[in-house]
Amino acid sequence: MLPESVASLPKAELHLHLEGSIQPGTVCALTARHGVTVTGDEVRRRYAYQNFSEFLETFKWVTSLLRDPRDYALITHDLAEQLLSQRVMYAEVTISIGVMLLRKQRPESNFEAILAAAEPEAAKQCASKSIVAFGIGGDELSVPTKELRPVYEQAAALGLHRLIHAGEIGGPEKIREAVELLGAERIGHGIAAINDPALMDLLADRRIPLEICPQSNIRTGALALQLRRVVARIEDHPLLALFRHGIPIVLSTDDPAMFHTTLLNEYEHAHQLGMTENELLRLAQMSFDFAFERKNSRTAV
Ligand SMILES: [Zn+2]
């Protein structure tokens, strides 16, 4: 069981998708709002995947239910409550602008609704409500990294931090390219690094964190893919090896509702993988240390 000193600690979460945090009950509320009947059981069936592309299909399905700013307000309120109940004091929440544009929505209106919904919770104890970073997720193999360079240059010129999902289902070269070509400051997942010792050294030396989401990697089949196995289990996750190599790790849930997990659950996994109490405390601190909005950081433990 997770030591109480770790469980009770205030936490930060840096790799978290708003659209992946919609609990089945809320999905039903959204569908009812739009005149469609979907049962909780049906949502739970959809929230199970054989592979990464099936997960992306469900992600697209769930985002198709987000049709106006009120929907975004509803899911933001729910996520804020989930975070506060776990003592998550700081969260960097990814919002998929691409799906809004695809559906001809005004991202500005949705964003206003998101901020207004987060405000009462933020007033309690959450931190920043501003846009701090630009990132790309999804099928990392669909576009050569160098083609993303202009958009990352624009993001940097706007003063945004740069993130990317890399080495989730792609190879270690995708991580290296993200760092070298795009100036990525944190890597989403990056578990492919385990297959490239020189890259592990580079990430450790340059203090580039991996946003590790263990349950996500199991549920999407990404870990099995990286380990070249049919099935991978939590016990097979390279979290501990990457951490003990000196690579900064920020532990996260990715899409907690869609992967049936919570941040506390992920700390349980880290503990189960053999992390000592001291290592778990360091791990929790790292999510504050590598946050882009630092003024609310806790002091070191
Ligand atoms: Zn993600």
# chains A, B, ... in the order shown; residues from 1 in each chain; ligands from 1
$ residues_near_ligand --ligand "ligand 1" --cutoff "9 Å" --atoms "only C-alpha atoms and all ligand atoms" --output "number ranges by chain"
A: 15-17, 20, 94, 136-138, 164-165, 188-189, 211, 213, 216, 253-255
$ write_last_selection --atoms "N, CA and C atoms" --output "mmCIF file, in the first residue's frame"
data_model
loop_
_atom_site.group_PDB
_atom_site.id
_atom_site.type_symbol
_atom_site.label_atom_id
_atom_site.label_comp_id
_atom_site.auth_asym_id
_atom_site.auth_seq_id
_atom_site.Cartn_x
_atom_site.Cartn_y
_atom_site.Cartn_z
ATOM 1 N N HIS A 15 0.515 15.880 -17.347
ATOM 2 C CA HIS A 15 0.112 15.277 -18.636
ATOM 3 C C HIS A 15 -1.303 14.747 -18.472
ATOM 4 N N LEU A 16 -2.256 15.578 -18.836
ATOM 5 C CA LEU A 16 -3.652 15.277 -18.549
ATOM 6 C C LEU A 16 -4.515 15.917 -19.622
ATOM 7 N N HIS A 17 -5.305 15.102 -20.308
ATOM 8 C CA HIS A 17 -6.170 15.629 -21.373
ATOM 9 C C HIS A 17 -7.572 15.855 -20.822
ATOM 10 N N GLY A 20 -10.064 13.416 -22.147
ATOM 11 C CA GLY A 20 -9.867 12.023 -21.723
ATOM 12 C C GLY A 20 -10.259 11.821 -20.266
ATOM 13 N N THR A 94 -4.285 19.575 -20.959
ATOM 14 C CA THR A 94 -4.223 19.713 -22.417
ATOM 15 C C THR A 94 -5.635 19.788 -22.992
ATOM 16 N N ILE A 136 1.645 18.589 -29.377
ATOM 17 C CA ILE A 136 0.935 17.769 -30.360
ATOM 18 C C ILE A 136 0.888 16.337 -29.831
ATOM 19 N N GLY A 137 -0.307 15.718 -29.987
ATOM 20 C CA GLY A 137 -0.457 14.320 -29.586
ATOM 21 C C GLY A 137 -1.163 13.557 -30.690
ATOM 22 N N GLY A 138 -1.512 12.313 -30.411
ATOM 23 C CA GLY A 138 -2.206 11.512 -31.417
ATOM 24 C C GLY A 138 -1.261 10.505 -32.021
ATOM 25 N N ILE A 164 5.517 17.592 -26.696
ATOM 26 C CA ILE A 164 5.060 16.694 -27.762
ATOM 27 C C ILE A 164 4.943 15.276 -27.207
ATOM 28 N N HIS A 165 3.984 14.528 -27.750
ATOM 29 C CA HIS A 165 3.930 13.089 -27.464
ATOM 30 C C HIS A 165 4.954 12.439 -28.402
ATOM 31 N N GLY A 188 5.986 13.756 -23.873
ATOM 32 C CA GLY A 188 4.819 12.959 -23.476
ATOM 33 C C GLY A 188 5.134 11.491 -23.693
ATOM 34 N N HIS A 189 5.117 10.726 -22.621
ATOM 35 C CA HIS A 189 5.398 9.280 -22.604
ATOM 36 C C HIS A 189 6.901 9.019 -22.760
ATOM 37 N N GLU A 211 6.988 12.490 -19.377
ATOM 38 C CA GLU A 211 5.688 12.482 -18.704
ATOM 39 C C GLU A 211 5.176 11.044 -18.764
ATOM 40 N N CYS A 213 2.968 7.839 -17.956
ATOM 41 C CA CYS A 213 1.574 7.503 -17.623
ATOM 42 C C CYS A 213 1.430 5.980 -17.726
ATOM 43 N N SER A 216 -1.901 4.159 -18.941
ATOM 44 C CA SER A 216 -2.177 4.508 -20.337
ATOM 45 C C SER A 216 -1.388 3.595 -21.270
ATOM 46 N N THR A 253 -1.635 10.743 -15.521
ATOM 47 C CA THR A 253 -2.672 9.766 -15.876
ATOM 48 C C THR A 253 -3.031 9.764 -17.359
ATOM 49 N N ASP A 254 -2.702 10.855 -18.080
ATOM 50 C CA ASP A 254 -3.010 10.980 -19.505
ATOM 51 C C ASP A 254 -4.518 11.212 -19.710
ATOM 52 N N ASP A 255 -5.287 10.127 -19.766
ATOM 53 C CA ASP A 255 -6.741 10.225 -19.946
ATOM 54 C C ASP A 255 -7.394 9.376 -18.846
#
$ residues_around --residues "A:Ala91" --least-positions-apart "6" --cutoff "7 Å" --atoms "only C-alpha atoms" --output "NGL selection string"
:A and (12-14)
$ write_last_selection --atoms "C-alpha atoms" --output "tab-separated table (two decimals), in the first residue's frame"
chain	number	residue	atom	x	y	z
A	12	ALA	CA	0.84	18.20	-9.41
A	13	GLU	CA	-0.15	16.61	-12.69
A	14	LEU	CA	1.37	17.71	-15.98
$ closest_residue --among "A:Leu66, A:Glu293, A:Val43, A:Met100" --to "A:Leu160" --atoms "only C-alpha atoms"
A:Glu293
$ residues_around --residues "A:Asn110" --least-positions-apart "6" --cutoff "9 Å" --atoms "only C-alpha atoms" --output "ChimeraX atom specification"
/A:68-73,100
$ residues_around --residues "A:Leu141" --least-positions-apart "5" --cutoff "10 Å" --atoms "only C-alpha atoms" --output "ChimeraX atom specification"
/A:166-171,174
$ write_last_selection --atoms "C-alpha atoms" --output "PDB file, in the first residue's frame"
ATOM      1  CA  ALA A 166       6.924  11.089 -28.691  1.00  0.00           C
ATOM      2  CA  GLY A 167       8.243   7.587 -28.181  1.00  0.00           C
ATOM      3  CA  GLU A 168       4.806   6.431 -27.098  1.00  0.00           C
ATOM      4  CA  ILE A 169       4.191   4.167 -30.088  1.00  0.00           C
ATOM      5  CA  GLY A 170       7.096   5.567 -32.130  1.00  0.00           C
ATOM      6  CA  GLY A 171      10.761   4.639 -31.695  1.00  0.00           C
ATOM      7  CA  LYS A 174      11.056  10.334 -32.433  1.00  0.00           C
TER       8      LYS A 174
END
$ residues_around --residues "A:Pro10" --least-positions-apart "2" --cutoff "10 Å" --atoms "only C-alpha atoms" --output "PDB file with N, CA and C atoms, in the first residue's frame"
ATOM      1  N   VAL A   6       3.157   9.684   1.271  1.00  0.00           N
ATOM      2  CA  VAL A   6       3.062   9.949  -0.173  1.00  0.00           C
ATOM      3  C   VAL A   6       1.604  10.217  -0.556  1.00  0.00           C
ATOM      4  N   ALA A   7       0.706   9.375  -0.040  1.00  0.00           N
ATOM      5  CA  ALA A   7      -0.717   9.516  -0.399  1.00  0.00           C
ATOM      6  C   ALA A   7      -1.257  10.885  -0.009  1.00  0.00           C
ATOM      7  N   SER A   8      -0.821  11.388   1.131  1.00  0.00           N
ATOM      8  CA  SER A   8      -1.405  12.631   1.657  1.00  0.00           C
ATOM      9  C   SER A   8      -0.739  13.886   1.084  1.00  0.00           C
ATOM     10  N   ALA A  12       1.022  17.481  -8.150  1.00  0.00           N
ATOM     11  CA  ALA A  12       0.840  18.200  -9.409  1.00  0.00           C
ATOM     12  C   ALA A  12       0.710  17.168 -10.515  1.00  0.00           C
ATOM     13  N   LEU A  84      -9.246  17.860  -7.232  1.00  0.00           N
ATOM     14  CA  LEU A  84      -9.226  18.334  -5.842  1.00  0.00           C
ATOM     15  C   LEU A  84      -9.408  17.192  -4.855  1.00  0.00           C
ATOM     16  N   GLN A  86      -8.191  14.418  -5.024  1.00  0.00           N
ATOM     17  CA  GLN A  86      -6.917  13.702  -4.877  1.00  0.00           C
ATOM     18  C   GLN A  86      -5.791  14.597  -4.386  1.00  0.00           C
ATOM     19  N   ARG A  87      -6.143  15.797  -3.966  1.00  0.00           N
ATOM     20  CA  ARG A  87      -5.166  16.799  -3.511  1.00  0.00           C
ATOM     21  C   ARG A  87      -4.202  17.199  -4.638  1.00  0.00           C
ATOM     22  N   VAL A  88      -4.697  17.194  -5.869  1.00  0.00           N
ATOM     23  CA  VAL A  88      -3.875  17.704  -6.972  1.00  0.00           C
ATOM     24  C   VAL A  88      -4.037  19.220  -6.968  1.00  0.00           C
ATOM     25  N   MET A  89      -2.958  19.909  -6.608  1.00  0.00           N
ATOM     26  CA  MET A  89      -3.014  21.356  -6.398  1.00  0.00           C
ATOM     27  C   MET A  89      -2.664  22.140  -7.660  1.00  0.00           C
ATOM     28  N   TYR A  90      -2.018  21.467  -8.564  1.00  0.00           N
ATOM     29  CA  TYR A  90      -1.581  22.139  -9.784  1.00  0.00           C
ATOM     30  C   TYR A  90      -1.753  21.154 -10.926  1.00  0.00           C
ATOM     31  N   ALA A 284       7.082  12.867  -6.577  1.00  0.00           N
ATOM     32  CA  ALA A 284       5.978  13.827  -6.411  1.00  0.00           C
ATOM     33  C   ALA A 284       6.493  15.257  -6.540  1.00  0.00           C
ATOM     34  N   GLN A 285       7.680  15.505  -6.000  1.00  0.00           N
ATOM     35  CA  GLN A 285       8.249  16.860  -6.069  1.00  0.00           C
ATOM     36  C   GLN A 285       8.589  17.243  -7.511  1.00  0.00           C
ATOM     37  N   PHE A 288       6.175  19.245  -9.529  1.00  0.00           N
ATOM     38  CA  PHE A 288       6.163  20.690  -9.253  1.00  0.00           C
ATOM     39  C   PHE A 288       7.387  21.350  -9.888  1.00  0.00           C
ATOM     40  N   ARG A 298       5.707  23.767  -4.595  1.00  0.00           N
ATOM     41  CA  ARG A 298       5.958  23.503  -3.182  1.00  0.00           C
ATOM     42  C   ARG A 298       7.442  23.618  -2.924  1.00  0.00           C
TER      43      ARG A 298
END
$ select_by_dssp --residues "stretch 123-259 of chain A" --states "helix (DSSP H, G or I)" --output "PyMOL selection string"
chain A and resi 123-124+145-157+172-182+191-195+197-205+214-219+222-226+234-236+239-244
$ write_last_selection --atoms "C-alpha atoms" --output "CSV table (one decimal), in the first residue's frame"
chain,number,residue,atom,x,y,z
A,123,ALA,CA,-10.1,30.0,-6.3
A,124,LYS,CA,-10.0,27.2,-3.7
A,145,THR,CA,8.9,15.4,-37.2
A,146,LYS,CA,10.7,18.0,-39.4
A,147,GLU,CA,7.4,19.0,-40.9
A,148,LEU,CA,6.3,20.2,-37.5
A,149,ARG,CA,9.2,22.6,-37.2
A,150,PRO,CA,7.5,25.7,-38.4
A,151,VAL,CA,4.5,25.4,-36.0
A,152,TYR,CA,6.9,24.8,-33.1
A,153,GLU,CA,8.9,27.9,-34.1
A,154,GLN,CA,5.7,29.9,-34.1
A,155,ALA,CA,4.8,28.6,-30.7
A,156,ALA,CA,8.2,29.5,-29.3
A,157,ALA,CA,8.0,33.0,-30.8
A,172,PRO,CA,13.5,6.4,-29.7
A,173,GLU,CA,14.4,8.5,-32.8
A,174,LYS,CA,11.1,10.3,-32.4
A,175,ILE,CA,12.2,11.5,-29.0
A,176,ARG,CA,15.6,12.6,-30.2
A,177,GLU,CA,14.0,14.5,-33.1
A,178,ALA,CA,11.5,16.2,-30.8
A,179,VAL,CA,14.4,17.4,-28.6
A,180,GLU,CA,16.8,18.3,-31.4
A,181,LEU,CA,14.4,19.6,-34.1
A,182,LEU,CA,11.5,21.0,-32.2
A,191,ILE,CA,8.9,5.1,-23.0
A,192,ALA,CA,10.8,4.1,-26.2
A,193,ALA,CA,13.8,5.7,-24.6
A,194,ILE,CA,14.3,2.4,-22.7
A,195,ASN,CA,15.5,0.9,-26.0
A,197,PRO,CA,20.8,3.9,-23.7
A,198,ALA,CA,22.5,6.9,-25.4
A,199,LEU,CA,19.2,8.7,-25.5
A,200,MET,CA,18.6,7.9,-21.8
A,201,ASP,CA,21.9,9.6,-21.1
A,202,LEU,CA,20.9,12.6,-23.2
A,203,LEU,CA,17.6,13.0,-21.4
A,204,ALA,CA,19.3,12.7,-18.0
A,205,ASP,CA,22.1,15.1,-18.8
A,214,PRO,CA,1.9,3.8,-16.8
A,215,GLN,CA,-1.7,2.7,-17.0
A,216,SER,CA,-2.2,4.5,-20.3
A,217,ASN,CA,0.8,2.6,-21.8
A,218,ILE,CA,-0.8,-0.7,-20.8
A,219,ARG,CA,-4.4,0.2,-22.0
A,222,ALA,CA,2.0,1.1,-26.4
A,223,LEU,CA,4.2,-0.7,-23.8
A,224,ALA,CA,3.6,-4.1,-25.4
A,225,LEU,CA,4.6,-2.5,-28.7
A,226,GLN,CA,7.8,-1.0,-27.3
A,234,ILE,CA,2.3,-2.9,-15.1
A,235,GLU,CA,5.2,-5.0,-13.7
A,236,ASP,CA,6.9,-4.6,-17.1
A,239,LEU,CA,9.4,3.7,-15.0
A,240,LEU,CA,11.8,2.7,-12.4
A,241,ALA,CA,14.7,2.0,-14.8
A,242,LEU,CA,14.2,5.4,-16.4
A,243,PHE,CA,14.0,7.2,-13.0
A,244,ARG,CA,17.1,5.4,-11.6
$ closest_residue --among "A:Ser21, A:Ser142, A:Asn278, A:Gln105" --to "A:Phe259" --atoms "only C-alpha atoms"
A:Ser21
